[in-house]
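Written below as structure tokens is the structure these notes are about.
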Amino acid sequence: MPNPAAGIHYPRTLGDFQAWFGTDADCLDYLEWLRWPDGFVCVTCGHHGGWRLGDRRLMCAGCGLRTSPTAGTIFDRTRTPLTVWFTACWLFATQKDGISALALQKALGIGSYQTAWAMLHRLRSVLVRPGRELLQGRVEVDETYIGGIEPGLSGGRAKGKKALVGIAVERVEPRGFGRCRMAWLLDASGDTLRAFLTDHVQQGATVITDGWAPYRPATKDLYTHERVVQPATKASELLPGVHRIASLVQRWLLGTHQGAVNESHLSLYLDEFVFRFNRRHSRSRGMVFYRVLELAAGHDPVRYRELILNPRRDTAHRTPPGTRGQPATLDRPPANRPWRNAHPLSSG
């Protein structure tokens, strides 16, 4: 939906969220509306219309296919209740700096760290919208190493740091920055940088870089290349946009995630940072929640084995015996003011 309205298509506040999604059935109905706002359409034959079955599934009136609003999405075959999923999505989308897996586990009473970690990684995996617009206009481009600095090493391209990351950000005149893009790079060669540019910057744009030689072949015939050669001044003054992005993402990884980000999963964290940065001016956190769920409902299933490097059970965050398992649903009846039923406080 191009122009969703607050209070109609997505909740404005936490109060709205709690009122809208108090039960698993409410969450399921919202997912159904996100996928088929104009009524059920069969994903196999494209027929419009069908019947609702007793188990909440939908049956196509054309080919007889039986499906559900969660089938074919990241919620496919999930054993985690939808009320837990929606609350995790709300926390993920509405908190300025996001939420770590450990914090999510504690907040929702999830028995397994792996479950909380996989939920957040599934959400991160949907944040790149298919066919999203490329950066335009005047675009600053640079690379940096993310993941810490080893003693004795200096400079953005010094070996020994962890992961080389390409950064591109639109420069908005007279002062300011627009959208950004980030991606993990194999190296800083001309071919790699050219692939990064063609994936993220529209042809014909003006690409502003430092004096790194491989940018010449990387931009040839596709972009207007503007080189900013470093005099005896700080690099951050020559390319302020990319250096600000690099500083912000380092601070975010160290703050929210305590720097505990595996290099092999770095791309997902970069996608999350870009998603947040590009929506930093959003007037409503509820709109960000809506966009995350919209992307999740339109994304193919993401299996746990696709997220982990080693199919064997991760032992980094083992939970005590008896506390593992799926979280309990948040679909619960009113608590009937338990504080009134407790023993009265003694006076004196």
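Note on naming: chains are A, B, ... as they come in the structure tokens, residues start from 1 per chain, ligands start from 1 in the order shown.
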
Q. Region 165-255 of chain A: which residues are alpha helix (DSSP H) by DSSP, as an NGL selection string?
A. :A and (190-200 or 215-219 or 235-238 or 240-255)

Restricting it to C-alpha atoms, dump the selection as a PDB file, in the first residue's frame.
ATOM      1  CA  GLY A 190      38.328  -1.701  -9.174  1.00  0.00           C
ATOM      2  CA  ASP A 191      36.080  -4.631 -10.175  1.00  0.00           C
ATOM      3  CA  THR A 192      34.645  -5.020  -6.670  1.00  0.00           C
ATOM      4  CA  LEU A 193      34.025  -1.288  -6.295  1.00  0.00           C
ATOM      5  CA  ARG A 194      32.392  -1.135  -9.728  1.00  0.00           C
ATOM      6  CA  ALA A 195      30.011  -3.943  -8.762  1.00  0.00           C
ATOM      7  CA  PHE A 196      29.178  -2.104  -5.530  1.00  0.00           C
ATOM      8  CA  LEU A 197      28.440   1.108  -7.447  1.00  0.00           C
ATOM      9  CA  THR A 198      26.248  -0.523 -10.102  1.00  0.00           C
ATOM     10  CA  ASP A 199      24.253  -2.328  -7.399  1.00  0.00           C
ATOM     11  CA  HIS A 200      23.567   0.801  -5.364  1.00  0.00           C
ATOM     12  CA  TYR A 215      37.812   4.340  -8.303  1.00  0.00           C
ATOM     13  CA  ARG A 216      38.955   5.493 -11.752  1.00  0.00           C
ATOM     14  CA  PRO A 217      38.140   2.176 -13.512  1.00  0.00           C
ATOM     15  CA  ALA A 218      35.188   1.610 -11.163  1.00  0.00           C
ATOM     16  CA  THR A 219      33.407   4.755 -12.387  1.00  0.00           C
ATOM     17  CA  ALA A 235      39.483  12.769   5.749  1.00  0.00           C
ATOM     18  CA  SER A 236      36.175  13.251   7.581  1.00  0.00           C
ATOM     19  CA  GLU A 237      36.089  16.845   6.321  1.00  0.00           C
ATOM     20  CA  LEU A 238      36.465  15.740   2.703  1.00  0.00           C
ATOM     21  CA  PRO A 240      31.697  13.901   5.803  1.00  0.00           C
ATOM     22  CA  GLY A 241      28.737  11.701   4.864  1.00  0.00           C
ATOM     23  CA  VAL A 242      30.460   8.336   4.619  1.00  0.00           C
ATOM     24  CA  HIS A 243      32.595   9.039   7.674  1.00  0.00           C
ATOM     25  CA  ARG A 244      29.521   9.916   9.703  1.00  0.00           C
ATOM     26  CA  ILE A 245      27.806   6.693   8.568  1.00  0.00           C
ATOM     27  CA  ALA A 246      30.907   4.663   9.466  1.00  0.00           C
ATOM     28  CA  SER A 247      31.021   6.228  12.926  1.00  0.00           C
ATOM     29  CA  LEU A 248      27.297   5.672  13.534  1.00  0.00           C
ATOM     30  CA  VAL A 249      27.317   2.021  12.490  1.00  0.00           C
ATOM     31  CA  GLN A 250      30.363   1.274  14.652  1.00  0.00           C
ATOM     32  CA  ARG A 251      28.690   2.936  17.639  1.00  0.00           C
ATOM     33  CA  TRP A 252      25.439   1.039  16.964  1.00  0.00           C
ATOM     34  CA  LEU A 253      27.172  -2.339  16.755  1.00  0.00           C
ATOM     35  CA  LEU A 254      29.111  -1.682  19.958  1.00  0.00           C
ATOM     36  CA  GLY A 255      26.110  -0.257  21.796  1.00  0.00           C
TER      37      GLY A 255
END

**Q.** Given only C-alpha atoms as the counted atoms, nearest of A:Tyr145, A:Trp339, A:Phe21, A:Phe273 to Cys89 (chain A)
**A.** A:Phe21

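Between CA of Arg132 (chain A) and CA of Val165 (chain A) the interatomic distance comes to 20.1 Å.
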
Q: Write out as a ChimeraX atom specification the residues lying within 9 Å of region 41-48 of chain A, counting only C-alpha atoms and excluding same-chain residues fewer than 4 positions away.
A: /A:35-36,59-63,65,67

Just N, CA and C atoms for this one: save the residues we selected as a compact mmCIF listing (two decimals), in the first residue's frame.
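File written: again_14.txt
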# COMPACT_ATOMS: atom_id res chain seq x y z
N ARG A 35 -1.39 -9.34 3.07
CA ARG A 35 -1.11 -10.12 1.87
C ARG A 35 -2.17 -9.91 0.80
N TRP A 36 -3.44 -9.83 1.21
CA TRP A 36 -4.54 -9.73 0.24
C TRP A 36 -5.49 -8.61 0.66
N MET A 59 -9.33 -21.71 1.15
CA MET A 59 -9.33 -22.65 0.03
C MET A 59 -9.72 -21.92 -1.24
N CYS A 60 -8.90 -22.06 -2.27
CA CYS A 60 -9.14 -21.39 -3.55
C CYS A 60 -10.39 -21.97 -4.22
N ALA A 61 -11.25 -21.09 -4.71
CA ALA A 61 -12.45 -21.55 -5.40
C ALA A 61 -12.13 -22.06 -6.80
N GLY A 62 -10.92 -21.79 -7.29
CA GLY A 62 -10.57 -22.24 -8.63
C GLY A 62 -9.89 -23.59 -8.65
N CYS A 63 -8.75 -23.70 -7.93
CA CYS A 63 -7.98 -24.95 -7.99
C CYS A 63 -8.09 -25.78 -6.72
N LEU A 65 -6.69 -25.16 -3.83
CA LEU A 65 -5.51 -25.07 -2.97
C LEU A 65 -5.92 -24.56 -1.58
N THR A 67 -4.46 -22.92 1.84
CA THR A 67 -3.30 -22.18 2.32
C THR A 67 -3.71 -21.33 3.51

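Among the candidate residues A:Asp300, A:Asp24, A:Glu294, A:Asp210, the one lying nearest to Pro4 (chain A) is A:Glu294, with distances computed using only C-alpha atoms.
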
Q.
Please determine, counting only C-alpha atoms, which residue among A:Val128, A:Leu164, A:Ala297, A:Gly286 has the shortest atom-to-atom distance to Ala6 (chain A).
A. A:Gly286

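CA of Gln258 (chain A) to CA of Asp97 (chain A) spans 12.3 Å [interatomic distance, one decimal].
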
Q: Enumerate as a list in words all residues of region 165-313 of chain A assigned to strand (DSSP E or B) by DSSP on the backbone, naming them with the chain letters and numbers the document uses.
A: Val165, Gly166, Ile167, Ala168, Val169, Glu170, Arg171, Phe177, Gly178, Arg179, Cys180, Arg181, Met182, Ala183, Trp184, Val201, Thr206, Val207, Ile208, Thr209, Thr224, His225, Glu226 and Arg227 of chain A

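Close contacts of Pro81 (chain A), defined as residues with an atom at most 9 Å away when counting only C-alpha atoms, with chain neighbours fewer than 3 positions off set aside, comprise Asp24, Thr78, Val84, Trp85, Phe86, Gln326, Pro327, Ala328, Thr329, Leu330 and Asp331 of chain A.
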
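In this model, the gap between CA of Arg77 (chain A) and CA of Gly98 (chain A) comes to 25.5 Å.
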
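Using only C-alpha atoms, the smallest distance between any of A:Arg79, A:Arg122, A:Arg181, A:His225 and Leu293 (chain A) comes from A:Arg122.
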